[in-house]
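Trainee: What follows is a structure written as structure tokens; I'll ask about it next.
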Amino acid sequence: LSEKRPFVATPEGTALAYGSLVFMALLPIFFGALRSVNCGKSKNSSDMPETITGRDAARFPIIASCTLFGLYLFFKIFSQEYINLLLSMYFFVLGILALSHTMSPFMNRIFPANIPIKQYQLLFTQGSGETKEEIVNYEFDTKDMICLVISTVVGVWYILKKHWIANNLFGLAFALNGVELLHLNNVSTGCILLGGLFVYDVFWVFGTNVMVTVAKSFEAPIKLVFPQDLFEKGLGANQFAMLGLGDIVIPGIFIALLLRFDVSLKKNTRTYFYTSFLAYIFGLGMTIWVMHTFKHAQPALLYLVPACIGFPVVVALLKGELTEMFSYESSEEVLPHTPRLTHYPTVSGSPASLANSMQSSSSPRRRRNNPPM
């Protein structure tokens, strides 16, 4: 008899895994923030972002905690296999819609000009005459249909194989959609949200085993993963480092807010966006360093929140623009008719899912005249 030795990652494998996670985390933040500036200009009502107010931000950690603990109890009481089967089908549909929406601007750039483009509209109404009310109104075209087919192929791959690459494609799509379509109405609301989730993250990681248990049990694309044994096993590797989508989207919507603030200043600079972006890299690097040093799961928001709030505030103090920063209203200056957030994404701890918000926002869209980069 021989005892199976626990896997020990090589320094090269560890560096590749965590470096890849950092790179993947930066993609939806950067491009989601850029797209958030223009997403309110779409003529399609389904492309309009949802605004998070101060009241929403204050309640969010409480609702997230209830959801997290509820999932923990479900995994303790019911069969993990059946729960994950239901969740897989749920995220299969949402992932297809989210990935299709993510691909739309890129498909618009590469679509051959000699292929005819047909327009489609999916419209559901309730009532008649003056009382008629639109329930669903989605406008899309041939390019959207192609995006949907490609996304469905990825979805089938994910359902059948649960491959980590398919997981990451869906995870990146969810994160980008979240950063683009969830808007903080002002910096104060952002500070309330990040501060509340700072306490939430620290409590559930250090105070209990709830978050770690749910993160390891929850088989859904709500986290980015990268194998540490890629050099040894290739694409079939199975020893993963992971980063929850909540650690991307929550700081990401704050960074996107600061980009819109930069635009509102009309100075043709992106000082606060780049400052907060670099702050995110610094905070995530600190998280990885501490986790690697102490060999213990870390609440990433413990390091990301002080960095993402502190760095821009210091810059604003030095430039004498602190008052302008905290008086800026995103919903008034950039998006005058933005609806208020009326439902919450389901957050399962440090891995956070934006599934519920995707129900109203991750679907084939009409082409924008000037798609963001």
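Scheme for the structure tokens: letters A, B, ... for chains in order shown; per-chain residue numbers from 1; ligand numbers from 1 in order shown.
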Identify, on the basis of only C-alpha atoms, every residue whose closest approach to range 58-60 of chain A does not exceed 9 Å; exclude the query and any residue fewer than 6 positions from it along the same chain; express the result as a list in words.

Mentor: Thr189, Ile192, Leu193, Gly196, Leu197 and Tyr344 of chain A

Trainee: From a DSSP pass on the backbone, collect the residues of range 131-223 of chain A flagged as alpha helix (DSSP H) and hand them back as a CSV table (one decimal) with all heavy atoms, in the first residue's frame.

Mentor:
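File produced: selection_20.csv:
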```
chain,number,residue,atom,x,y,z
A,142,THR,N,-28.9,39.5,-37.5
A,142,THR,CA,-28.2,38.3,-37.9
A,142,THR,C,-26.9,38.1,-37.1
A,142,THR,O,-26.6,37.0,-36.7
A,142,THR,CB,-27.8,38.4,-39.4
A,142,THR,OG1,-29.0,38.6,-40.2
A,142,THR,CG2,-27.2,37.1,-39.9
A,143,LYS,N,-26.2,39.2,-36.9
A,143,LYS,CA,-25.0,39.0,-36.1
A,143,LYS,C,-25.2,38.6,-34.7
A,143,LYS,O,-24.5,37.8,-34.1
A,143,LYS,CB,-24.2,40.4,-36.1
A,143,LYS,CG,-23.6,40.7,-37.5
A,143,LYS,CD,-23.0,42.1,-37.5
A,143,LYS,CE,-24.1,43.2,-37.6
A,143,LYS,NZ,-23.5,44.5,-37.9
A,144,ASP,N,-26.3,39.0,-34.1
A,144,ASP,CA,-26.7,38.6,-32.8
A,144,ASP,C,-27.0,37.1,-32.8
A,144,ASP,O,-26.7,36.4,-31.8
A,144,ASP,CB,-27.9,39.3,-32.2
A,144,ASP,CG,-27.6,40.8,-31.9
A,144,ASP,OD1,-26.6,41.0,-31.2
A,144,ASP,OD2,-28.3,41.7,-32.4
A,145,MET,N,-27.6,36.6,-33.8
A,145,MET,CA,-28.0,35.2,-33.9
A,145,MET,C,-26.7,34.3,-34.0
A,145,MET,O,-26.6,33.3,-33.4
A,145,MET,CB,-28.8,35.0,-35.2
A,145,MET,CG,-30.2,35.6,-35.1
A,145,MET,SD,-31.3,34.9,-33.8
A,145,MET,CE,-31.6,33.3,-34.5
A,146,ILE,N,-25.7,34.8,-34.7
A,146,ILE,CA,-24.4,34.1,-34.8
A,146,ILE,C,-23.8,34.0,-33.4
A,146,ILE,O,-23.2,33.0,-33.0
A,146,ILE,CB,-23.5,34.8,-35.9
A,146,ILE,CG1,-24.1,34.6,-37.3
A,146,ILE,CG2,-22.1,34.1,-35.8
A,146,ILE,CD1,-23.3,35.3,-38.3
A,147,CYS,N,-23.8,35.2,-32.7
A,147,CYS,CA,-23.2,35.2,-31.4
A,147,CYS,C,-24.0,34.2,-30.5
A,147,CYS,O,-23.3,33.5,-29.6
A,147,CYS,CB,-23.4,36.6,-30.8
A,147,CYS,SG,-22.3,37.8,-31.5
A,148,LEU,N,-25.3,34.1,-30.6
A,148,LEU,CA,-26.1,33.2,-29.8
A,148,LEU,C,-25.7,31.7,-30.1
A,148,LEU,O,-25.6,30.9,-29.2
A,148,LEU,CB,-27.6,33.4,-30.1
A,148,LEU,CG,-28.6,32.8,-29.1
A,148,LEU,CD1,-28.3,33.4,-27.7
A,148,LEU,CD2,-30.0,33.1,-29.6
A,149,VAL,N,-25.5,31.4,-31.4
A,149,VAL,CA,-25.1,30.0,-31.8
A,149,VAL,C,-23.7,29.7,-31.2
A,149,VAL,O,-23.5,28.6,-30.6
A,149,VAL,CB,-25.1,29.9,-33.3
A,149,VAL,CG1,-24.4,28.6,-33.7
A,149,VAL,CG2,-26.5,30.0,-33.9
A,150,ILE,N,-22.8,30.6,-31.3
A,150,ILE,CA,-21.4,30.4,-30.7
A,150,ILE,C,-21.5,30.2,-29.2
A,150,ILE,O,-20.9,29.3,-28.6
A,150,ILE,CB,-20.5,31.5,-31.1
A,150,ILE,CG1,-20.3,31.6,-32.6
A,150,ILE,CG2,-19.1,31.3,-30.4
A,150,ILE,CD1,-19.5,32.8,-33.1
A,151,SER,N,-22.3,31.0,-28.6
A,151,SER,CA,-22.4,30.9,-27.1
A,151,SER,C,-23.1,29.6,-26.7
A,151,SER,O,-22.8,29.1,-25.7
A,151,SER,CB,-23.3,32.1,-26.6
A,151,SER,OG,-22.7,33.4,-26.9
A,152,THR,N,-24.1,29.2,-27.5
A,152,THR,CA,-24.7,27.9,-27.2
A,152,THR,C,-23.7,26.7,-27.3
A,152,THR,O,-23.8,25.8,-26.5
A,152,THR,CB,-25.9,27.7,-28.2
A,152,THR,OG1,-26.8,28.7,-28.1
A,152,THR,CG2,-26.6,26.4,-27.9
A,153,VAL,N,-22.8,26.8,-28.3
A,153,VAL,CA,-21.8,25.7,-28.4
A,153,VAL,C,-20.9,25.7,-27.1
A,153,VAL,O,-20.7,24.6,-26.5
A,153,VAL,CB,-20.9,26.0,-29.6
A,153,VAL,CG1,-19.7,25.0,-29.6
A,153,VAL,CG2,-21.7,25.8,-30.9
A,154,VAL,N,-20.6,26.9,-26.6
A,154,VAL,CA,-19.8,27.0,-25.4
A,154,VAL,C,-20.6,26.4,-24.2
A,154,VAL,O,-20.1,25.7,-23.3
A,154,VAL,CB,-19.3,28.4,-25.1
A,154,VAL,CG1,-18.6,28.5,-23.7
A,154,VAL,CG2,-18.4,28.9,-26.2
A,155,GLY,N,-21.9,26.8,-24.2
A,155,GLY,CA,-22.8,26.3,-23.1
A,155,GLY,C,-22.9,24.8,-23.1
A,155,GLY,O,-22.8,24.2,-22.0
A,156,VAL,N,-23.1,24.2,-24.2
A,156,VAL,CA,-23.1,22.7,-24.3
A,156,VAL,C,-21.8,22.1,-23.8
A,156,VAL,O,-21.8,21.1,-23.1
A,156,VAL,CB,-23.5,22.3,-25.7
A,156,VAL,CG1,-23.4,20.7,-25.9
A,156,VAL,CG2,-24.9,22.7,-26.1
A,157,TRP,N,-20.7,22.7,-24.3
A,157,TRP,CA,-19.4,22.2,-23.8
A,157,TRP,C,-19.3,22.3,-22.3
A,157,TRP,O,-18.8,21.3,-21.7
A,157,TRP,CB,-18.3,23.1,-24.5
A,157,TRP,CG,-16.9,22.7,-24.1
A,157,TRP,CD1,-16.4,21.5,-23.7
A,157,TRP,CD2,-15.8,23.6,-24.2
A,157,TRP,NE1,-15.1,21.5,-23.5
A,157,TRP,CE2,-14.6,22.8,-23.8
A,157,TRP,CE3,-15.6,24.9,-24.5
A,157,TRP,CZ2,-13.4,23.3,-23.7
A,157,TRP,CZ3,-14.3,25.4,-24.4
A,157,TRP,CH2,-13.2,24.7,-24.1
A,158,TYR,N,-19.8,23.4,-21.7
A,158,TYR,CA,-19.7,23.5,-20.3
A,158,TYR,C,-20.6,22.5,-19.6
A,158,TYR,O,-20.2,21.8,-18.6
A,158,TYR,CB,-20.1,24.9,-19.9
A,158,TYR,CG,-20.3,25.1,-18.4
A,158,TYR,CD1,-19.1,25.2,-17.6
A,158,TYR,CD2,-21.5,25.1,-17.8
A,158,TYR,CE1,-19.3,25.3,-16.2
A,158,TYR,CE2,-21.6,25.2,-16.4
A,158,TYR,CZ,-20.5,25.3,-15.6
A,158,TYR,OH,-20.6,25.4,-14.3
A,159,ILE,N,-21.8,22.3,-20.1
A,159,ILE,CA,-22.7,21.3,-19.4
A,159,ILE,C,-22.2,19.9,-19.5
A,159,ILE,O,-22.2,19.2,-18.5
A,159,ILE,CB,-24.1,21.4,-20.1
A,159,ILE,CG1,-24.9,22.6,-19.7
A,159,ILE,CG2,-24.9,20.1,-19.8
A,159,ILE,CD1,-25.3,22.7,-18.2
A,160,LEU,N,-21.6,19.5,-20.6
A,160,LEU,CA,-21.2,18.2,-20.8
A,160,LEU,C,-19.8,17.9,-20.1
A,160,LEU,O,-19.6,16.8,-19.5
A,160,LEU,CB,-21.0,17.8,-22.3
A,160,LEU,CG,-22.3,17.9,-23.1
A,160,LEU,CD1,-22.1,17.6,-24.6
A,160,LEU,CD2,-23.3,16.9,-22.5
A,161,LYS,N,-18.9,18.8,-20.2
A,161,LYS,CA,-17.5,18.5,-19.7
A,161,LYS,C,-17.2,19.3,-18.4
A,161,LYS,O,-16.2,18.9,-17.8
A,161,LYS,CB,-16.5,18.9,-20.8
A,161,LYS,CG,-16.7,18.1,-22.1
A,161,LYS,CD,-16.4,16.6,-21.9
A,161,LYS,CE,-16.5,15.9,-23.2
A,161,LYS,NZ,-16.2,14.4,-23.0
A,164,TRP,N,-12.7,23.8,-17.5
A,164,TRP,CA,-12.4,25.1,-16.9
A,164,TRP,C,-12.3,26.2,-17.9
A,164,TRP,O,-12.6,27.4,-17.5
A,164,TRP,CB,-11.1,25.0,-16.1
A,164,TRP,CG,-9.9,24.6,-16.9
A,164,TRP,CD1,-9.4,23.3,-17.2
A,164,TRP,CD2,-8.9,25.5,-17.5
A,164,TRP,NE1,-8.3,23.3,-17.9
A,164,TRP,CE2,-7.9,24.6,-18.1
A,164,TRP,CE3,-8.8,26.8,-17.6
A,164,TRP,CZ2,-6.8,25.2,-18.8
A,164,TRP,CZ3,-7.7,27.4,-18.3
A,164,TRP,CH2,-6.7,26.6,-18.9
A,165,ILE,N,-12.0,26.0,-19.1
A,165,ILE,CA,-12.0,27.0,-20.1
A,165,ILE,C,-13.4,27.5,-20.4
A,165,ILE,O,-13.7,28.8,-20.5
A,165,ILE,CB,-11.3,26.6,-21.4
A,165,ILE,CG1,-9.8,26.3,-21.2
A,165,ILE,CG2,-11.5,27.6,-22.5
A,165,ILE,CD1,-9.1,25.8,-22.4
A,166,ALA,N,-14.4,26.6,-20.5
A,166,ALA,CA,-15.8,27.0,-20.7
A,166,ALA,C,-16.3,27.8,-19.5
A,166,ALA,O,-17.0,28.7,-19.7
A,166,ALA,CB,-16.6,25.8,-21.0
A,167,ASN,N,-15.9,27.3,-18.3
A,167,ASN,CA,-16.3,28.0,-17.1
A,167,ASN,C,-15.8,29.4,-17.1
A,167,ASN,O,-16.5,30.4,-16.8
A,167,ASN,CB,-15.7,27.3,-15.9
A,167,ASN,CG,-15.9,28.0,-14.6
A,167,ASN,OD1,-16.9,27.8,-13.9
A,167,ASN,ND2,-14.9,28.9,-14.2
A,168,ASN,N,-14.5,29.6,-17.5
A,168,ASN,CA,-14.0,31.0,-17.5
A,168,ASN,C,-14.6,31.9,-18.6
A,168,ASN,O,-14.7,33.1,-18.4
A,168,ASN,CB,-12.5,30.9,-17.8
A,168,ASN,CG,-11.7,30.4,-16.6
A,168,ASN,OD1,-12.3,30.3,-15.5
A,168,ASN,ND2,-10.5,30.0,-16.7
A,169,LEU,N,-15.0,31.3,-19.7
A,169,LEU,CA,-15.7,32.1,-20.8
A,169,LEU,C,-17.0,32.6,-20.2
A,169,LEU,O,-17.3,33.8,-20.4
A,169,LEU,CB,-15.9,31.3,-22.0
A,169,LEU,CG,-14.6,30.9,-22.8
A,169,LEU,CD1,-15.0,30.0,-24.0
A,169,LEU,CD2,-14.0,32.2,-23.4
A,170,PHE,N,-17.7,31.8,-19.6
A,170,PHE,CA,-19.0,32.2,-19.0
A,170,PHE,C,-18.7,33.2,-17.8
A,170,PHE,O,-19.4,34.2,-17.7
A,170,PHE,CB,-19.8,31.0,-18.4
A,170,PHE,CG,-20.7,30.4,-19.5
A,170,PHE,CD1,-21.4,29.2,-19.2
A,170,PHE,CD2,-20.8,31.0,-20.7
A,170,PHE,CE1,-22.2,28.6,-20.2
A,170,PHE,CE2,-21.6,30.4,-21.7
A,170,PHE,CZ,-22.3,29.2,-21.4
A,171,GLY,N,-17.7,32.9,-17.0
A,171,GLY,CA,-17.4,33.8,-15.9
A,171,GLY,C,-17.0,35.2,-16.3
A,171,GLY,O,-17.4,36.2,-15.7
A,172,LEU,N,-16.2,35.2,-17.3
A,172,LEU,CA,-15.7,36.5,-17.9
A,172,LEU,C,-16.9,37.3,-18.4
A,172,LEU,O,-17.0,38.5,-18.3
A,172,LEU,CB,-14.7,36.3,-18.9
A,172,LEU,CG,-13.3,35.9,-18.5
A,172,LEU,CD1,-12.4,35.5,-19.6
A,172,LEU,CD2,-12.6,37.0,-17.7
A,173,ALA,N,-17.8,36.6,-19.1
A,173,ALA,CA,-19.0,37.3,-19.6
A,173,ALA,C,-19.9,37.8,-18.5
A,173,ALA,O,-20.4,38.9,-18.6
A,173,ALA,CB,-19.8,36.3,-20.5
A,174,PHE,N,-20.1,37.0,-17.5
A,174,PHE,CA,-20.9,37.5,-16.4
A,174,PHE,C,-20.3,38.8,-15.7
A,174,PHE,O,-21.0,39.7,-15.4
A,174,PHE,CB,-21.1,36.4,-15.3
A,174,PHE,CG,-22.1,35.4,-15.6
A,174,PHE,CD1,-21.8,34.0,-15.4
A,174,PHE,CD2,-23.3,35.7,-16.0
A,174,PHE,CE1,-22.7,33.1,-15.7
A,174,PHE,CE2,-24.3,34.8,-16.3
A,174,PHE,CZ,-24.0,33.4,-16.2
A,175,ALA,N,-19.0,38.7,-15.5
A,175,ALA,CA,-18.3,39.8,-14.9
A,175,ALA,C,-18.3,41.1,-15.8
A,175,ALA,O,-18.6,42.2,-15.3
A,175,ALA,CB,-16.8,39.4,-14.6
A,176,LEU,N,-18.1,40.9,-17.1
A,176,LEU,CA,-18.1,42.1,-17.9
A,176,LEU,C,-19.5,42.7,-18.0
A,176,LEU,O,-19.7,43.9,-17.9
A,176,LEU,CB,-17.7,41.7,-19.3
A,176,LEU,CG,-17.4,42.9,-20.3
A,176,LEU,CD1,-16.3,42.6,-21.2
A,176,LEU,CD2,-18.7,43.2,-21.1
A,177,ASN,N,-20.6,41.9,-18.1
A,177,ASN,CA,-21.9,42.4,-18.1
A,177,ASN,C,-22.3,43.1,-16.8
A,177,ASN,O,-23.0,44.1,-16.7
A,177,ASN,CB,-22.9,41.2,-18.3
A,177,ASN,CG,-23.1,40.9,-19.7
A,177,ASN,OD1,-24.0,41.4,-20.4
A,177,ASN,ND2,-22.2,40.0,-20.3
A,178,GLY,N,-21.8,42.5,-15.7
A,178,GLY,CA,-22.0,43.2,-14.4
A,178,GLY,C,-21.4,44.5,-14.3
A,178,GLY,O,-22.0,45.5,-13.8
A,179,VAL,N,-20.1,44.7,-14.7
A,179,VAL,CA,-19.4,46.0,-14.6
A,179,VAL,C,-20.1,47.0,-15.6
A,179,VAL,O,-20.2,48.1,-15.2
A,179,VAL,CB,-17.9,45.8,-15.0
A,179,VAL,CG1,-17.2,47.1,-15.0
A,179,VAL,CG2,-17.3,44.9,-13.9
A,180,GLU,N,-20.5,46.5,-16.7
A,180,GLU,CA,-21.1,47.4,-17.7
A,180,GLU,C,-22.5,47.9,-17.3
A,180,GLU,O,-22.9,49.0,-17.5
A,180,GLU,CB,-21.2,46.7,-19.0
A,180,GLU,CG,-21.9,47.5,-20.1
A,180,GLU,CD,-22.2,46.7,-21.4
A,180,GLU,OE1,-21.7,45.5,-21.5
A,180,GLU,OE2,-22.8,47.3,-22.3
A,181,LEU,N,-23.3,47.0,-16.8
A,181,LEU,CA,-24.8,47.2,-16.6
A,181,LEU,C,-25.2,47.5,-15.2
A,181,LEU,O,-26.4,47.9,-15.0
A,181,LEU,CB,-25.6,46.0,-17.2
A,181,LEU,CG,-25.4,45.8,-18.7
A,181,LEU,CD1,-26.0,44.5,-19.1
A,181,LEU,CD2,-25.9,46.9,-19.5
A,187,VAL,N,-20.3,58.3,-5.7
A,187,VAL,CA,-19.2,57.7,-5.0
A,187,VAL,C,-19.5,57.3,-3.6
A,187,VAL,O,-19.0,56.3,-3.0
A,187,VAL,CB,-18.0,58.7,-5.0
A,187,VAL,CG1,-16.8,58.2,-4.1
A,187,VAL,CG2,-17.5,59.0,-6.4
A,188,SER,N,-20.4,58.1,-2.9
A,188,SER,CA,-20.8,57.7,-1.6
A,188,SER,C,-21.5,56.4,-1.5
A,188,SER,O,-21.2,55.6,-0.6
A,188,SER,CB,-21.8,58.8,-1.0
A,188,SER,OG,-21.1,60.1,-0.9
A,189,THR,N,-22.3,56.1,-2.5
A,189,THR,CA,-23.0,54.8,-2.6
A,189,THR,C,-21.9,53.7,-2.8
A,189,THR,O,-22.0,52.6,-2.2
A,189,THR,CB,-24.0,54.8,-3.7
A,189,THR,OG1,-25.0,55.7,-3.5
A,189,THR,CG2,-24.6,53.4,-3.9
A,190,GLY,N,-20.9,54.0,-3.6
A,190,GLY,CA,-19.8,53.0,-3.8
A,190,GLY,C,-19.1,52.7,-2.6
A,190,GLY,O,-18.8,51.6,-2.3
A,191,CYS,N,-18.8,53.8,-1.8
A,191,CYS,CA,-18.1,53.6,-0.5
A,191,CYS,C,-19.0,52.7,0.5
A,191,CYS,O,-18.5,51.9,1.2
A,191,CYS,CB,-17.8,54.9,0.1
A,191,CYS,SG,-16.5,55.8,-0.8
A,192,ILE,N,-20.3,53.0,0.5
A,192,ILE,CA,-21.2,52.2,1.4
A,192,ILE,C,-21.2,50.7,0.9
A,192,ILE,O,-21.1,49.8,1.8
A,192,ILE,CB,-22.6,52.8,1.3
A,192,ILE,CG1,-22.7,54.1,1.9
A,192,ILE,CG2,-23.6,51.8,2.0
A,192,ILE,CD1,-24.0,54.9,1.7
A,193,LEU,N,-21.3,50.5,-0.4
A,193,LEU,CA,-21.4,49.1,-0.9
A,193,LEU,C,-20.0,48.4,-0.6
A,193,LEU,O,-20.0,47.3,-0.1
A,193,LEU,CB,-21.6,49.1,-2.4
A,193,LEU,CG,-21.7,47.8,-3.1
A,193,LEU,CD1,-22.9,46.9,-2.5
A,193,LEU,CD2,-21.8,47.9,-4.6
A,194,LEU,N,-18.9,49.0,-1.0
A,194,LEU,CA,-17.6,48.4,-0.8
A,194,LEU,C,-17.3,48.2,0.7
A,194,LEU,O,-16.8,47.2,1.1
A,194,LEU,CB,-16.5,49.2,-1.4
A,194,LEU,CG,-16.2,48.7,-2.9
A,194,LEU,CD1,-17.4,49.0,-3.8
A,194,LEU,CD2,-14.9,49.5,-3.4
A,195,GLY,N,-17.7,49.2,1.5
A,195,GLY,CA,-17.5,49.1,3.0
A,195,GLY,C,-18.3,47.9,3.6
A,195,GLY,O,-17.8,47.1,4.4
A,196,GLY,N,-19.6,47.8,3.2
A,196,GLY,CA,-20.4,46.8,3.7
A,196,GLY,C,-19.9,45.4,3.3
A,196,GLY,O,-19.9,44.4,4.1
A,197,LEU,N,-19.5,45.2,2.0
A,197,LEU,CA,-19.0,43.9,1.6
A,197,LEU,C,-17.6,43.6,2.1
A,197,LEU,O,-17.2,42.5,2.1
A,197,LEU,CB,-19.1,43.9,0.0
A,197,LEU,CG,-20.5,43.9,-0.5
A,197,LEU,CD1,-20.4,43.9,-2.1
A,197,LEU,CD2,-21.2,42.6,-0.1
A,198,PHE,N,-16.9,44.7,2.5
A,198,PHE,CA,-15.6,44.5,3.2
A,198,PHE,C,-15.8,43.7,4.5
A,198,PHE,O,-15.2,42.7,4.7
A,198,PHE,CB,-15.0,45.8,3.4
A,198,PHE,CG,-13.7,45.8,4.3
A,198,PHE,CD1,-12.5,45.7,3.7
A,198,PHE,CD2,-13.8,45.9,5.7
A,198,PHE,CE1,-11.3,45.7,4.5
A,198,PHE,CE2,-12.7,45.9,6.5
A,198,PHE,CZ,-11.5,45.8,5.9
A,199,VAL,N,-16.8,44.2,5.3
A,199,VAL,CA,-17.1,43.5,6.5
A,199,VAL,C,-17.7,42.1,6.3
A,199,VAL,O,-17.3,41.1,6.9
A,199,VAL,CB,-18.1,44.3,7.3
A,199,VAL,CG1,-18.6,43.6,8.6
A,199,VAL,CG2,-17.5,45.7,7.7
A,200,TYR,N,-18.6,42.0,5.3
A,200,TYR,CA,-19.2,40.7,4.9
A,200,TYR,C,-18.1,39.7,4.5
A,200,TYR,O,-18.1,38.6,5.0
A,200,TYR,CB,-20.1,41.0,3.7
A,200,TYR,CG,-20.5,39.8,2.8
A,200,TYR,CD1,-21.5,39.0,3.1
A,200,TYR,CD2,-19.7,39.6,1.7
A,200,TYR,CE1,-21.9,38.0,2.3
A,200,TYR,CE2,-20.0,38.6,0.8
A,200,TYR,CZ,-21.1,37.7,1.1
A,200,TYR,OH,-21.4,36.7,0.3
A,201,ASP,N,-17.2,40.1,3.7
A,201,ASP,CA,-16.1,39.2,3.2
A,201,ASP,C,-15.3,38.7,4.3
A,201,ASP,O,-14.9,37.5,4.4
A,201,ASP,CB,-15.3,39.9,2.1
A,201,ASP,CG,-14.9,38.9,1.0
A,201,ASP,OD1,-15.4,37.8,0.9
A,201,ASP,OD2,-14.0,39.3,0.2
A,202,VAL,N,-14.8,39.6,5.2
A,202,VAL,CA,-13.9,39.3,6.3
A,202,VAL,C,-14.6,38.3,7.3
A,202,VAL,O,-14.1,37.3,7.7
A,202,VAL,CB,-13.4,40.6,7.0
A,202,VAL,CG1,-12.7,40.2,8.3
A,202,VAL,CG2,-12.6,41.4,6.1
A,210,VAL,N,-18.2,28.9,6.1
A,210,VAL,CA,-19.3,28.9,5.2
A,210,VAL,C,-18.9,29.3,3.8
A,210,VAL,O,-19.2,28.6,2.8
A,210,VAL,CB,-20.4,29.9,5.7
A,210,VAL,CG1,-21.5,30.1,4.7
A,210,VAL,CG2,-21.0,29.4,7.0
A,211,MET,N,-18.2,30.4,3.6
A,211,MET,CA,-17.8,30.9,2.3
A,211,MET,C,-17.0,29.9,1.6
A,211,MET,O,-17.2,29.6,0.4
A,211,MET,CB,-17.2,32.2,2.4
A,211,MET,CG,-16.9,32.8,1.0
A,211,MET,SD,-16.2,34.5,1.0
A,211,MET,CE,-17.6,35.4,1.7
A,212,VAL,N,-15.9,29.4,2.2
A,212,VAL,CA,-15.0,28.4,1.6
A,212,VAL,C,-15.8,27.2,1.2
A,212,VAL,O,-15.6,26.6,0.1
A,212,VAL,CB,-13.8,28.1,2.5
A,212,VAL,CG1,-13.0,27.0,1.9
A,212,VAL,CG2,-13.0,29.4,2.8
A,213,THR,N,-16.7,26.7,2.1
A,213,THR,CA,-17.5,25.5,1.8
A,213,THR,C,-18.3,25.7,0.5
A,213,THR,O,-18.4,24.8,-0.4
A,213,THR,CB,-18.3,25.1,3.0
A,213,THR,OG1,-17.5,24.9,4.1
A,213,THR,CG2,-19.2,23.9,2.7
A,214,VAL,N,-19.0,26.8,0.5
A,214,VAL,CA,-19.9,27.1,-0.7
A,214,VAL,C,-19.1,27.3,-1.9
A,214,VAL,O,-19.5,26.7,-3.0
A,214,VAL,CB,-20.8,28.4,-0.4
A,214,VAL,CG1,-21.5,28.8,-1.6
A,214,VAL,CG2,-21.7,28.1,0.8
A,215,ALA,N,-18.0,28.0,-1.8
A,215,ALA,CA,-17.1,28.2,-3.0
A,215,ALA,C,-16.7,26.9,-3.6
A,215,ALA,O,-16.6,26.7,-4.8
A,215,ALA,CB,-16.0,29.1,-2.7
A,216,LYS,N,-16.3,25.9,-2.8
A,216,LYS,CA,-15.8,24.6,-3.3
A,216,LYS,C,-16.9,23.7,-3.7
A,216,LYS,O,-16.7,22.8,-4.5
A,216,LYS,CB,-15.0,23.9,-2.2
A,216,LYS,CG,-13.7,24.7,-1.9
A,216,LYS,CD,-12.9,23.9,-0.8
A,216,LYS,CE,-11.5,24.6,-0.6
A,216,LYS,NZ,-10.7,24.0,0.5
A,217,SER,N,-18.1,23.9,-3.2
A,217,SER,CA,-19.2,23.0,-3.5
A,217,SER,C,-20.0,23.5,-4.7
A,217,SER,O,-20.7,22.7,-5.4
A,217,SER,CB,-20.2,22.9,-2.3
A,217,SER,OG,-19.5,22.4,-1.1
```

Trainee: Once you count only C-alpha atoms, what closest atom pair and distance in Å to one decimal does each residue of range 195-313 of chain A within 9 Å of range 19-42 of chain A have, with rows by chain and rising residue number, as CSV?

Mentor:
```
residue,atom,partner,partner_atom,distance
A:Leu224,CA,A:Leu21,CA,7.0
A:Val225,CA,A:Leu21,CA,7.0
A:Phe226,CA,A:Leu21,CA,6.7
A:Ala241,CA,A:Leu21,CA,8.1
A:Met242,CA,A:Leu21,CA,7.4
A:Leu243,CA,A:Leu21,CA,6.9
A:Leu245,CA,A:Ala25,CA,8.4
A:Asp247,CA,A:Ala25,CA,8.6
A:Ile248,CA,A:Ala25,CA,6.0
A:Val249,CA,A:Ile29,CA,7.3
A:Pro251,CA,A:Ile29,CA,8.4
A:Gly252,CA,A:Ile29,CA,5.1
A:Ile253,CA,A:Ala33,CA,7.4
A:Ile255,CA,A:Ala33,CA,7.0
A:Ala256,CA,A:Ala33,CA,4.2
A:Leu257,CA,A:Ala33,CA,7.8
A:Leu258,CA,A:Ala33,CA,9.0
A:Leu259,CA,A:Ala33,CA,6.9
A:Arg260,CA,A:Val37,CA,6.0
A:Val263,CA,A:Val37,CA,8.3
A:Phe273,CA,A:Ala33,CA,8.9
A:Phe277,CA,A:Phe30,CA,7.9
A:Tyr280,CA,A:Leu26,CA,8.6
A:Ile281,CA,A:Val22,CA,7.5
A:Leu284,CA,A:Val22,CA,7.3
A:Gly285,CA,A:Val22,CA,8.0
```

Trainee: Convert the current residue selection to file output with C-alpha atoms, as a CSV table (one decimal), in the first residue's frame.

Mentor:
```csv
chain,number,residue,atom,x,y,z
A,224,LEU,CA,-12.5,32.2,-12.5
A,225,VAL,CA,-10.2,29.3,-12.2
A,226,PHE,CA,-6.8,28.4,-13.6
A,241,ALA,CA,-6.5,28.4,-8.1
A,242,MET,CA,-9.7,30.4,-8.1
A,243,LEU,CA,-11.0,34.0,-7.9
A,245,LEU,CA,-16.6,37.0,-9.6
A,247,ASP,CA,-13.9,40.2,-6.2
A,248,ILE,CA,-14.0,41.4,-9.8
A,249,VAL,CA,-17.5,42.9,-10.2
A,251,PRO,CA,-14.6,46.8,-7.3
A,252,GLY,CA,-15.2,46.9,-11.0
A,253,ILE,CA,-18.5,48.8,-10.8
A,255,ILE,CA,-13.8,51.7,-11.1
A,256,ALA,CA,-16.4,52.1,-13.9
A,257,LEU,CA,-18.1,54.9,-11.9
A,258,LEU,CA,-14.8,56.7,-11.6
A,259,LEU,CA,-14.3,56.4,-15.4
A,260,ARG,CA,-17.7,58.1,-15.9
A,263,VAL,CA,-15.6,61.7,-18.6
A,273,PHE,CA,-9.9,55.4,-13.7
A,277,PHE,CA,-7.3,50.4,-12.0
A,280,TYR,CA,-7.1,47.1,-8.0
A,281,ILE,CA,-3.9,45.4,-9.3
A,284,LEU,CA,-5.2,41.8,-5.8
A,285,GLY,CA,-1.4,41.3,-5.7
```
